[in-house]
>>> print(open('query_32.cif').read())   # mmCIF, C-alpha atoms
data_target
loop_
_atom_site.label_atom_id
_atom_site.label_comp_id
_atom_site.auth_asym_id
_atom_site.auth_seq_id
_atom_site.Cartn_x
_atom_site.Cartn_y
_atom_site.Cartn_z
CA MET A 1 68.27 -77.27 9.00
CA ARG A 2 65.58 -78.15 6.45
CA VAL A 3 63.45 -81.06 7.61
CA TYR A 4 61.40 -83.57 5.65
CA ASN A 5 57.85 -82.41 6.27
CA PHE A 6 55.28 -85.21 5.93
CA SER A 7 52.32 -82.98 6.78
CA ALA A 8 48.99 -83.62 5.06
CA GLY A 9 48.63 -79.88 4.49
CA PRO A 10 49.82 -77.25 4.52
CA SER A 11 52.61 -79.35 3.12
CA MET A 12 56.14 -78.92 1.89
CA LEU A 13 56.90 -77.03 -1.32
CA PRO A 14 59.73 -77.71 -3.78
CA GLU A 15 62.95 -76.19 -2.45
CA GLU A 16 63.71 -74.76 -5.89
CA VAL A 17 60.39 -72.89 -5.83
CA LEU A 18 60.97 -71.55 -2.32
CA LYS A 19 64.39 -70.24 -3.31
CA GLN A 20 62.97 -68.51 -6.37
CA ALA A 21 60.22 -66.90 -4.27
CA GLN A 22 62.87 -65.80 -1.76
CA ALA A 23 65.00 -64.23 -4.50
CA GLU A 24 61.99 -62.34 -5.90
CA PHE A 25 60.38 -61.44 -2.61
CA LEU A 26 61.53 -57.81 -2.50
CA ASP A 27 61.38 -57.22 -6.24
CA CYS A 28 58.87 -59.28 -8.21
CA GLY A 29 59.00 -58.96 -11.98
CA GLY A 30 61.13 -55.82 -11.87
CA SER A 31 58.37 -53.95 -10.04
CA GLY A 32 60.55 -52.92 -7.10
CA MET A 33 58.03 -54.44 -4.71
CA SER A 34 56.92 -57.79 -3.32
CA VAL A 35 54.05 -59.71 -4.88
CA THR A 36 52.43 -59.42 -1.44
CA GLU A 37 52.35 -55.62 -1.83
CA MET A 38 51.37 -55.02 -5.43
CA SER A 39 47.90 -54.27 -6.77
CA HIS A 40 46.11 -57.24 -8.27
CA ARG A 41 45.13 -54.81 -11.07
CA SER A 42 48.76 -54.06 -11.97
CA LYS A 43 50.35 -55.21 -15.23
CA VAL A 44 52.90 -57.31 -13.35
CA TYR A 45 50.26 -59.21 -11.40
CA ASP A 46 47.99 -59.55 -14.44
CA ALA A 47 50.85 -61.36 -16.18
CA ILE A 48 51.38 -63.61 -13.12
CA ILE A 49 47.78 -64.85 -12.91
CA LYS A 50 47.40 -65.27 -16.67
CA GLU A 51 50.65 -67.23 -16.92
CA ALA A 52 49.63 -69.43 -13.98
CA GLU A 53 46.37 -70.29 -15.74
CA ALA A 54 48.11 -70.95 -19.07
CA ASP A 55 50.65 -73.26 -17.40
CA LEU A 56 47.95 -75.19 -15.52
CA ARG A 57 46.03 -75.61 -18.77
CA LYS A 58 49.22 -77.01 -20.32
CA LEU A 59 49.92 -79.36 -17.40
CA MET A 60 46.39 -80.80 -17.33
CA ASN A 61 45.56 -80.39 -21.03
CA ILE A 62 42.41 -78.47 -20.06
CA PRO A 63 39.99 -78.06 -23.00
CA ASP A 64 38.93 -74.60 -24.13
CA ASP A 65 35.34 -75.16 -23.02
CA TYR A 66 36.43 -75.16 -19.37
CA TYR A 67 37.07 -72.20 -17.11
CA VAL A 68 40.02 -72.20 -14.73
CA LEU A 69 39.11 -70.21 -11.63
CA PHE A 70 41.32 -69.12 -8.73
CA VAL A 71 39.01 -68.64 -5.75
CA GLN A 72 39.15 -68.50 -1.96
CA GLY A 73 37.48 -70.42 0.86
CA GLY A 74 39.26 -73.74 0.40
CA ALA A 75 37.72 -76.90 -1.00
CA SER A 76 35.22 -76.71 1.87
CA MET A 77 33.64 -73.58 0.35
CA GLN A 78 33.04 -75.54 -2.85
CA PHE A 79 31.02 -78.12 -0.90
CA GLU A 80 28.26 -75.50 -1.00
CA ALA A 81 29.18 -73.76 -4.25
CA ILE A 82 28.68 -77.02 -6.15
CA PRO A 83 24.98 -77.54 -5.38
CA LEU A 84 24.33 -73.80 -5.53
CA ASN A 85 25.73 -73.65 -9.07
CA MET A 86 24.63 -77.03 -10.41
CA LEU A 87 21.25 -78.00 -9.00
CA VAL A 88 18.59 -77.62 -11.67
CA LYS A 89 16.58 -80.82 -11.18
CA GLY A 90 17.33 -80.63 -7.46
CA LYS A 91 19.02 -84.04 -7.14
CA ALA A 92 22.60 -85.29 -6.89
CA ASP A 93 24.40 -88.47 -5.87
CA TYR A 94 27.50 -88.64 -3.67
CA LEU A 95 30.14 -91.28 -3.04
CA VAL A 96 31.01 -91.13 0.65
CA THR A 97 34.52 -92.52 0.98
CA GLY A 98 36.08 -90.43 3.73
CA ASN A 99 35.80 -87.49 6.08
CA PHE A 100 35.82 -84.75 3.45
CA ALA A 101 33.52 -86.67 1.11
CA LYS A 102 31.09 -86.98 4.02
CA LYS A 103 31.32 -83.26 4.75
CA ALA A 104 30.60 -82.43 1.10
CA TYR A 105 27.55 -84.70 1.21
CA LYS A 106 26.26 -83.09 4.42
CA GLU A 107 26.58 -79.59 2.94
CA GLY A 108 24.81 -80.69 -0.22
CA ILE A 109 21.82 -81.99 1.73
CA LYS A 110 20.94 -78.39 2.63
CA TYR A 111 20.08 -77.62 -0.97
CA GLY A 112 18.38 -80.61 -2.52
CA ASP A 113 17.62 -84.33 -2.70
CA MET A 114 21.05 -85.83 -2.10
CA LYS A 115 21.72 -89.56 -1.96
CA ALA A 116 24.79 -91.44 -0.79
CA ALA A 117 25.02 -93.81 -3.75
CA ALA A 118 27.84 -95.74 -2.08
CA SER A 119 29.86 -95.53 1.11
CA SER A 120 32.78 -97.28 2.78
CA GLU A 121 32.09 -95.86 6.22
CA GLU A 122 31.09 -99.27 7.59
CA ALA A 123 34.73 -100.35 7.12
CA THR A 124 36.20 -97.10 8.49
CA PHE A 125 36.80 -95.85 4.94
CA THR A 126 39.55 -98.42 4.28
CA TYR A 127 38.45 -99.16 0.70
CA ILE A 128 36.89 -97.52 -2.34
CA PRO A 129 33.48 -98.90 -3.41
CA LYS A 130 33.39 -100.17 -7.00
CA VAL A 131 30.36 -98.45 -8.49
CA THR A 132 28.79 -98.74 -11.91
CA ARG A 133 26.28 -96.57 -13.73
CA LYS A 134 23.34 -98.54 -12.31
CA ASP A 135 24.29 -97.42 -8.78
CA PHE A 136 23.24 -93.85 -9.62
CA ARG A 137 19.83 -92.32 -10.15
CA GLU A 138 19.22 -91.25 -13.75
CA ASP A 139 17.53 -87.90 -13.07
CA ILE A 140 20.37 -86.20 -11.22
CA ASP A 141 22.35 -83.01 -11.80
CA TYR A 142 25.76 -84.41 -10.87
CA VAL A 143 27.76 -87.13 -9.11
CA HIS A 144 30.29 -85.99 -6.52
CA TYR A 145 33.31 -87.93 -5.30
CA THR A 146 36.60 -87.25 -3.54
CA ALA A 147 39.40 -88.69 -5.66
CA ASN A 148 41.93 -89.10 -2.84
CA ASN A 149 41.15 -89.60 0.83
CA THR A 150 43.78 -87.62 2.73
CA ILE A 151 42.91 -88.92 6.19
CA PHE A 152 42.37 -92.62 5.53
CA GLY A 153 44.82 -93.04 2.65
CA THR A 154 42.60 -94.31 -0.16
CA HIS A 155 42.44 -93.30 -3.81
CA PHE A 156 40.03 -93.92 -6.68
CA ASN A 157 41.90 -96.02 -9.23
CA TYR A 158 39.08 -95.54 -11.72
CA VAL A 159 36.78 -92.76 -12.95
CA PRO A 160 33.15 -93.61 -12.14
CA ASP A 161 30.74 -94.02 -15.05
CA ALA A 162 27.87 -91.67 -14.26
CA PRO A 163 24.65 -90.48 -15.96
CA ALA A 164 25.43 -86.85 -15.08
CA PRO A 165 28.49 -84.56 -14.87
CA LEU A 166 31.19 -85.83 -12.53
CA VAL A 167 32.38 -83.45 -9.82
CA SER A 168 35.64 -84.41 -8.15
CA ASP A 169 37.48 -83.01 -5.14
CA MET A 170 41.14 -83.59 -6.05
CA SER A 171 42.65 -81.53 -3.25
CA SER A 172 45.23 -84.11 -2.21
CA CYS A 173 46.05 -85.68 -5.57
CA ILE A 174 45.79 -82.93 -8.21
CA LEU A 175 48.84 -82.86 -10.50
CA SER A 176 50.17 -86.11 -9.01
CA GLU A 177 48.96 -88.10 -12.01
CA THR A 178 47.58 -87.47 -15.49
CA VAL A 179 43.82 -86.88 -15.55
CA ASP A 180 41.48 -86.65 -18.55
CA VAL A 181 39.72 -83.40 -17.66
CA SER A 182 37.08 -83.94 -20.35
CA LYS A 183 35.60 -86.80 -18.29
CA PHE A 184 34.62 -84.31 -15.55
CA GLY A 185 32.16 -81.49 -15.22
CA VAL A 186 34.08 -79.96 -12.33
CA ILE A 187 37.47 -80.58 -10.73
CA TYR A 188 38.35 -78.58 -7.64
CA ALA A 189 41.24 -78.56 -5.22
CA GLY A 190 42.53 -76.63 -2.26
CA ALA A 191 46.12 -75.64 -2.99
CA GLN A 192 47.84 -76.36 0.30
CA LYS A 193 48.56 -80.03 -0.29
CA ASN A 194 50.09 -80.26 -3.75
CA ILE A 195 50.16 -76.77 -5.30
CA ALA A 196 50.88 -73.76 -3.10
CA PRO A 197 50.51 -72.23 0.36
CA ALA A 198 46.96 -72.15 1.71
CA GLY A 199 44.78 -69.41 0.32
CA VAL A 200 43.81 -70.30 -3.22
CA THR A 201 41.44 -72.98 -4.46
CA ILE A 202 41.49 -74.16 -8.08
CA VAL A 203 38.14 -74.76 -9.78
CA ILE A 204 38.16 -76.23 -13.28
CA VAL A 205 34.58 -76.13 -14.54
CA ARG A 206 32.91 -76.84 -17.86
CA LYS A 207 31.50 -73.56 -19.09
CA ASP A 208 27.91 -74.74 -19.56
CA LEU A 209 27.73 -75.72 -15.88
CA CYS A 210 28.07 -72.07 -14.85
CA GLU A 211 24.89 -70.95 -16.58
CA ASN A 212 22.09 -71.88 -14.15
CA PRO A 213 22.98 -71.15 -10.52
CA MET A 214 20.23 -71.38 -7.94
CA PRO A 215 18.52 -68.01 -7.30
CA ILE A 216 19.80 -68.10 -3.70
CA CYS A 217 23.42 -68.58 -4.78
CA PRO A 218 25.51 -65.72 -3.32
CA THR A 219 27.34 -63.57 -5.85
CA MET A 220 30.72 -64.62 -4.46
CA LEU A 221 29.92 -68.32 -4.84
CA LYS A 222 28.70 -68.08 -8.43
CA TRP A 223 31.32 -69.57 -10.73
CA SER A 224 30.08 -67.20 -13.42
CA THR A 225 31.04 -64.22 -11.24
CA GLN A 226 34.65 -65.35 -11.12
CA ALA A 227 34.70 -66.48 -14.75
CA GLU A 228 33.42 -63.15 -16.03
CA ASN A 229 36.00 -61.27 -13.96
CA GLY A 230 39.10 -63.35 -14.61
CA SER A 231 39.09 -64.60 -10.98
CA MET A 232 39.39 -60.98 -9.86
CA TYR A 233 35.88 -59.95 -8.90
CA ASN A 234 37.48 -59.11 -5.57
CA THR A 235 41.13 -59.16 -4.51
CA PRO A 236 42.38 -62.71 -5.09
CA PRO A 237 44.90 -64.54 -2.86
CA CYS A 238 47.77 -63.00 -4.80
CA PHE A 239 50.72 -64.67 -3.09
CA SER A 240 49.21 -68.18 -3.24
CA ILE A 241 48.48 -67.78 -6.94
CA TYR A 242 52.01 -66.52 -7.55
CA MET A 243 53.42 -69.56 -5.70
CA ALA A 244 51.10 -71.88 -7.61
CA GLY A 245 52.46 -70.42 -10.83
CA LEU A 246 56.03 -71.19 -9.75
CA VAL A 247 55.04 -74.77 -8.88
CA PHE A 248 53.37 -75.20 -12.28
CA LYS A 249 56.61 -74.11 -13.99
CA TRP A 250 58.60 -76.51 -11.78
CA LEU A 251 56.33 -79.38 -12.84
CA LEU A 252 56.52 -78.46 -16.52
CA LYS A 253 60.33 -78.43 -16.28
CA LEU A 254 60.25 -81.91 -14.71
CA GLY A 255 58.22 -83.21 -17.64
CA GLY A 256 54.64 -82.73 -16.45
CA THR A 257 52.21 -85.04 -14.70
CA ASP A 258 53.42 -88.27 -16.37
CA ALA A 259 56.95 -87.61 -15.12
CA ILE A 260 55.97 -86.69 -11.56
CA ASN A 261 53.60 -89.67 -11.38
CA LYS A 262 56.49 -92.08 -12.05
CA ILE A 263 58.42 -90.51 -9.17
CA ASN A 264 55.33 -90.62 -6.92
CA VAL A 265 54.70 -94.29 -7.68
CA GLU A 266 58.33 -95.11 -6.88
CA LYS A 267 58.17 -93.20 -3.57
CA ALA A 268 54.95 -94.93 -2.53
CA LYS A 269 56.25 -98.38 -3.51
CA LEU A 270 59.31 -97.91 -1.30
CA LEU A 271 57.14 -97.17 1.69
CA TYR A 272 54.37 -99.70 1.10
CA ASP A 273 56.82 -102.51 0.32
CA PHE A 274 58.59 -101.92 3.60
CA ILE A 275 55.33 -101.82 5.58
CA ASP A 276 54.02 -104.98 3.89
CA ASN A 277 57.21 -106.89 4.68
CA SER A 278 57.26 -105.73 8.29
CA LYS A 279 55.67 -107.58 11.20
CA PHE A 280 55.78 -104.38 13.24
CA TYR A 281 53.91 -101.83 11.07
CA THR A 282 50.44 -102.16 9.56
CA ASN A 283 48.52 -100.39 6.82
CA ASN A 284 44.83 -101.35 6.82
CA VAL A 285 43.84 -99.97 3.41
CA ALA A 286 42.75 -102.37 0.66
CA LYS A 287 45.87 -102.73 -1.50
CA GLU A 288 44.16 -101.90 -4.78
CA ASP A 289 42.82 -98.65 -3.28
CA ARG A 290 45.96 -97.31 -1.64
CA SER A 291 46.84 -93.65 -2.08
CA ILE A 292 50.28 -92.75 -3.41
CA MET A 293 49.96 -89.37 -1.67
CA ASN A 294 48.93 -90.26 1.90
CA VAL A 295 50.20 -93.39 3.64
CA PRO A 296 48.78 -94.15 7.09
CA PHE A 297 50.42 -96.83 9.22
CA VAL A 298 50.49 -97.94 12.84
CA ALA A 299 52.95 -99.55 15.22
CA PRO A 300 51.75 -102.29 17.63
CA ASN A 301 50.36 -99.90 20.26
CA ASP A 302 49.64 -96.24 21.03
CA ASP A 303 52.71 -95.81 23.23
CA LEU A 304 54.96 -96.92 20.40
CA ASN A 305 53.10 -94.68 17.96
CA ALA A 306 53.77 -91.66 20.18
CA LYS A 307 57.39 -92.67 20.65
CA PHE A 308 57.82 -93.09 16.88
CA VAL A 309 56.50 -89.59 16.14
CA LYS A 310 58.74 -88.01 18.78
CA GLU A 311 61.93 -89.82 17.76
CA ALA A 312 61.27 -89.31 14.04
CA ALA A 313 60.97 -85.56 14.60
CA ALA A 314 64.35 -85.56 16.33
CA GLU A 315 65.75 -87.08 13.11
CA GLY A 316 64.25 -84.35 10.93
CA LEU A 317 61.19 -86.39 9.87
CA VAL A 318 58.36 -84.17 11.04
CA THR A 319 54.54 -84.02 11.14
CA LEU A 320 54.11 -87.80 11.00
CA LYS A 321 51.37 -88.02 13.60
CA GLY A 322 48.23 -89.59 12.12
CA HIS A 323 44.87 -87.83 11.99
CA ARG A 324 42.87 -88.10 15.19
CA LEU A 325 40.22 -90.21 13.40
CA VAL A 326 42.81 -92.87 12.53
CA GLY A 327 45.68 -92.53 14.99
CA GLY A 328 49.14 -93.94 14.42
CA MET A 329 51.23 -92.25 11.77
CA ARG A 330 50.64 -90.80 8.33
CA ALA A 331 53.28 -89.95 5.77
CA SER A 332 52.02 -87.51 3.17
CA ILE A 333 54.41 -87.80 0.23
CA TYR A 334 53.12 -85.19 -2.19
CA ASN A 335 54.88 -84.06 -5.37
CA ALA A 336 57.35 -81.87 -3.47
CA MET A 337 58.57 -84.67 -1.18
CA PRO A 338 61.88 -85.84 -2.66
CA ILE A 339 62.57 -89.55 -2.84
CA GLU A 340 65.45 -88.98 -0.39
CA GLY A 341 62.87 -88.06 2.26
CA VAL A 342 61.02 -91.36 1.80
CA LYS A 343 64.29 -93.31 1.87
CA LYS A 344 65.28 -91.60 5.12
CA LEU A 345 61.84 -92.39 6.60
CA VAL A 346 62.14 -96.07 5.67
CA GLU A 347 65.63 -96.24 7.21
CA PHE A 348 64.28 -94.71 10.41
CA MET A 349 61.35 -97.16 10.42
CA LYS A 350 63.79 -100.08 10.15
CA LYS A 351 65.88 -98.76 13.01
CA PHE A 352 62.84 -98.05 15.20
CA GLU A 353 61.45 -101.54 14.60
CA LEU A 354 64.71 -103.21 15.58
CA GLU A 355 64.94 -101.15 18.76
CA ASN A 356 61.30 -101.64 19.85
CA LYS A 357 60.07 -105.04 18.73
#
>>> encode(input="query_32.cif", output="structure tokens")
Amino acid sequence: MRVYNFSAGPSMLPEEVLKQAQAEFLDCGGSGMSVTEMSHRSKVYDAIIKEAEADLRKLMNIPDDYYVLFVQGGASMQFEAIPLNMLVKGKADYLVTGNFAKKAYKEGIKYGDMKAAASSEEATFTYIPKVTRKDFREDIDYVHYTANNTIFGTHFNYVPDAPAPLVSDMSSCILSETVDVSKFGVIYAGAQKNIAPAGVTIVIVRKDLCENPMPICPTMLKWSTQAENGSMYNTPPCFSIYMAGLVFKWLLKLGGTDAINKINVEKAKLLYDFIDNSKFYTNNVAKEDRSIMNVPFVAPNDDLNAKFVKEAAAEGLVTLKGHRLVGGMRASIYNAMPIEGVKKLVEFMKKFELENK
């Protein structure tokens, strides 16, 4: 039986995509072999990676003066790649709005004069600071922020105005809404939340920002290395890229990011409206900063939280346990989560509340 998987990542994939991958698993593209077996230098695989890039460019309307790179190491590897590729003046500002934003900031400190221009840590990352240009130093190389906070369930509902290129970690919200890529210097995202199985990381980078890496930047972390080699300086994560390509085609068929965003907003509204009208469940995030991808909530006590997770799993609603930093529950309702899954979760929440209040 297929379950509704509310995991924050690796997360569920569209069933249609999984079935296509299953059908092609032994014979991909008429090659007589699996994509997991073929050479990344083969004509079949070359077509796969090029088509994946072309479809992502279509989905996000990526301008020609940006590279699209398929790299490894997760978003966490980019925490270091960013300063190593971008620090020229030696300074950057960070917005610290969650666990991963804080990790990115800590890695950056190794390489230059980094400043936390704003933070919501004092309120356990339950809101997004409203920053303006005056909150940043003028003589900086970039401003880094994490667009969606997977653990605490917050999301930037605006693009910060900055005096330097914006760098955004969009791991848990990429392709869930329409983004103007031209407002950013760099957008990066680990795939395992909204794109593909773990293994590939997408880096969308303005070409001029690849030109002056720090002398100590390792060859494998230089964006120019990957750009000059079509993301194949070494063997790429072939299967993850193949799966990403299938997901891109699925999204294009649905109507792109505008279409999926309408569905995502509807899913999130169903869940938040129920929580807000309940006297049993609580979501502590500032309403204007709520994520439509990750929805944390708690029952009245830890025993009930544990009971909720266990009984939900028995109903086919799995991986709802909240992150250890927050506790309670968390429903990650990424693009691939059908609205039926959210409806079933809300029905279970109603039933559980009646039985345990």
>>> closest_residue(input="query_32.cif", among="A:Gly32, A:Pro83, A:Pro63, A:Pro129", to="Met214 of chain A", atoms="only C-alpha atoms")
A:Pro83
>>> resolve_selection(input="query_32.cif", expression="the PyMOL selection byres ((chain A and resi 281) around 10)", output="JSON, numbers by chain")
{"A": [274, 275, 276, 277, 278, 279, 280, 282, 283, 297, 298, 299, 300, 305, 328, 329, 349, 353]}
>>> atom_distance(input="query_32.cif", atom1="atom CA of Ala162 of chain A", atom2="atom CA of Met293 of chain A")
25.5 Å
>>> resolve_selection(input="query_32.cif", expression="the PyMOL selection byres ((chain A and resi 229) around 12)", output="ChimeraX atom specification")
/A:41,67-71,220,222-228,230-236
>>> write_last_selection(input="query_32.cif", atoms="C-alpha atoms", output="PDB file, keeping the file's coordinate frame")
ATOM      1  CA  ARG A  41      45.130 -54.810 -11.070  1.00  0.00           C
ATOM      2  CA  TYR A  67      37.070 -72.200 -17.110  1.00  0.00           C
ATOM      3  CA  VAL A  68      40.020 -72.200 -14.730  1.00  0.00           C
ATOM      4  CA  LEU A  69      39.110 -70.210 -11.630  1.00  0.00           C
ATOM      5  CA  PHE A  70      41.320 -69.120  -8.730  1.00  0.00           C
ATOM      6  CA  VAL A  71      39.010 -68.640  -5.750  1.00  0.00           C
ATOM      7  CA  MET A 220      30.720 -64.620  -4.460  1.00  0.00           C
ATOM      8  CA  LYS A 222      28.700 -68.080  -8.430  1.00  0.00           C
ATOM      9  CA  TRP A 223      31.320 -69.570 -10.730  1.00  0.00           C
ATOM     10  CA  SER A 224      30.080 -67.200 -13.420  1.00  0.00           C
ATOM     11  CA  THR A 225      31.040 -64.220 -11.240  1.00  0.00           C
ATOM     12  CA  GLN A 226      34.650 -65.350 -11.120  1.00  0.00           C
ATOM     13  CA  ALA A 227      34.700 -66.480 -14.750  1.00  0.00           C
ATOM     14  CA  GLU A 228      33.420 -63.150 -16.030  1.00  0.00           C
ATOM     15  CA  GLY A 230      39.100 -63.350 -14.610  1.00  0.00           C
ATOM     16  CA  SER A 231      39.090 -64.600 -10.980  1.00  0.00           C
ATOM     17  CA  MET A 232      39.390 -60.980  -9.860  1.00  0.00           C
ATOM     18  CA  TYR A 233      35.880 -59.950  -8.900  1.00  0.00           C
ATOM     19  CA  ASN A 234      37.480 -59.110  -5.570  1.00  0.00           C
ATOM     20  CA  THR A 235      41.130 -59.160  -4.510  1.00  0.00           C
ATOM     21  CA  PRO A 236      42.380 -62.710  -5.090  1.00  0.00           C
TER      22      PRO A 236
END
>>> residues_around(input="query_32.cif", residues="segment 175-183 of chain A", least_positions_apart="6", cutoff="8 Å", atoms="only C-alpha atoms", output="list in words")
Leu59, Met60, Asn61, Ile62, Pro63, Leu166, Asn194, Thr257, Asp258, Ile260, Asn261, Asn264, Tyr334 and Asn335 of chain A
>>> closest_residue(input="query_32.cif", among="A:Gly322, A:Leu251, A:Asp302, A:Asp273", to="Glu16 of chain A", atoms="all atoms listed in the file")
A:Leu251
>>> closest_residue(input="query_32.cif", among="A:Ala336, A:Tyr145, A:Gln20, A:Thr97", to="Leu254 of chain A", atoms="all atoms listed in the file")
A:Ala336
>>> residues_around(input="query_32.cif", residues="Phe239 of chain A", least_positions_apart="3", cutoff="7 Å", atoms="all atoms listed in the file", output="list in words")
Val35, Thr36, Tyr242 and Met243 of chain A
>>> write_last_selection(input="query_32.cif", atoms="C-alpha atoms", output="compact mmCIF listing (two decimals), in the frame of the given file")
# COMPACT_ATOMS: atom_id res chain seq x y z
CA VAL A 35 54.05 -59.71 -4.88
CA THR A 36 52.43 -59.42 -1.44
CA TYR A 242 52.01 -66.52 -7.55
CA MET A 243 53.42 -69.56 -5.70
>>> closest_residue(input="query_32.cif", among="A:Ser291, A:Ser11, A:Ser240, A:Thr319", to="Thr154 of chain A", atoms="only C-alpha atoms")
A:Ser291
>>> closest_residue(input="query_32.cif", among="A:Ala123, A:Ala116, A:Met38, A:Leu209", to="Ala81 of chain A", atoms="only C-alpha atoms")
A:Leu209
>>> residues_near_point(input="query_32.cif", point="(47.0, -95.8, 6.6)", cutoff="6 Å", atoms="all atoms listed in the file", output="JSON, numbers by chain")
{"A": [152, 153, 283, 284, 295, 296, 297]}
>>> closest_residue(input="query_32.cif", among="A:Val285, A:Ile140, A:Ala117, A:Ala47", to="Met86 of chain A", atoms="all atoms listed in the file")
A:Ile140
>>> residues_around(input="query_32.cif", residues="Glu51 of chain A", least_positions_apart="5", cutoff="10 Å", atoms="all atoms listed in the file", output="list of chain:residue names")
A:Tyr45, A:Asp46, A:Leu56, A:Arg57, A:Tyr242, A:Gly245, A:Leu246, A:Phe248, A:Lys249
>>> write_last_selection(input="query_32.cif", atoms="C-alpha atoms", output="PDB file, in the frame of the given file")
ATOM      1  CA  TYR A  45      50.260 -59.210 -11.400  1.00  0.00           C
ATOM      2  CA  ASP A  46      47.990 -59.550 -14.440  1.00  0.00           C
ATOM      3  CA  LEU A  56      47.950 -75.190 -15.520  1.00  0.00           C
ATOM      4  CA  ARG A  57      46.030 -75.610 -18.770  1.00  0.00           C
ATOM      5  CA  TYR A 242      52.010 -66.520  -7.550  1.00  0.00           C
ATOM      6  CA  GLY A 245      52.460 -70.420 -10.830  1.00  0.00           C
ATOM      7  CA  LEU A 246      56.030 -71.190  -9.750  1.00  0.00           C
ATOM      8  CA  PHE A 248      53.370 -75.200 -12.280  1.00  0.00           C
ATOM      9  CA  LYS A 249      56.610 -74.110 -13.990  1.00  0.00           C
TER      10      LYS A 249
END
>>> atom_distance(input="query_32.cif", atom1="atom CA of Asp65 of chain A", atom2="atom CA of Gly185 of chain A")
10.5 Å
>>> atom_distance(input="query_32.cif", atom1="atom CA of Asp93 of chain A", atom2="atom CA of Lys115 of chain A")
4.9 Å
>>> residues_near_point(input="query_32.cif", point="(26.3, -72.2, -2.8)", cutoff="6 Å", atoms="all atoms listed in the file", output="MDAnalysis selection string")
chainID A and resid 80:81 84 217 221
>>> axis_aligned_box(input="query_32.cif", around="segment 133-149 of chain A", padding_each_side="5 Å", output="AutoDock Vina command-line options")
--center_x 29.7 --center_y -90.8 --center_z -6.5 --size_x 34.4 --size_y 25.5 --size_z 24.6
>>> resolve_selection(input="query_32.cif", expression="the PyMOL selection byres ((chain A and resi 91) around 8)", output="list of chain:residue names")
A:Leu87, A:Val88, A:Lys89, A:Gly90, A:Ala92, A:Asp93, A:Gly112, A:Asp113, A:Met114, A:Asp139, A:Ile140, A:Asp141, A:Tyr142
>>> write_last_selection(input="query_32.cif", atoms="C-alpha atoms", output="PDB file, in the coordinates of the input")
ATOM      1  CA  LEU A  87      21.250 -78.000  -9.000  1.00  0.00           C
ATOM      2  CA  VAL A  88      18.590 -77.620 -11.670  1.00  0.00           C
ATOM      3  CA  LYS A  89      16.580 -80.820 -11.180  1.00  0.00           C
ATOM      4  CA  GLY A  90      17.330 -80.630  -7.460  1.00  0.00           C
ATOM      5  CA  ALA A  92      22.600 -85.290  -6.890  1.00  0.00           C
ATOM      6  CA  ASP A  93      24.400 -88.470  -5.870  1.00  0.00           C
ATOM      7  CA  GLY A 112      18.380 -80.610  -2.520  1.00  0.00           C
ATOM      8  CA  ASP A 113      17.620 -84.330  -2.700  1.00  0.00           C
ATOM      9  CA  MET A 114      21.050 -85.830  -2.100  1.00  0.00           C
ATOM     10  CA  ASP A 139      17.530 -87.900 -13.070  1.00  0.00           C
ATOM     11  CA  ILE A 140      20.370 -86.200 -11.220  1.00  0.00           C
ATOM     12  CA  ASP A 141      22.350 -83.010 -11.800  1.00  0.00           C
ATOM     13  CA  TYR A 142      25.760 -84.410 -10.870  1.00  0.00           C
TER      14      TYR A 142
END
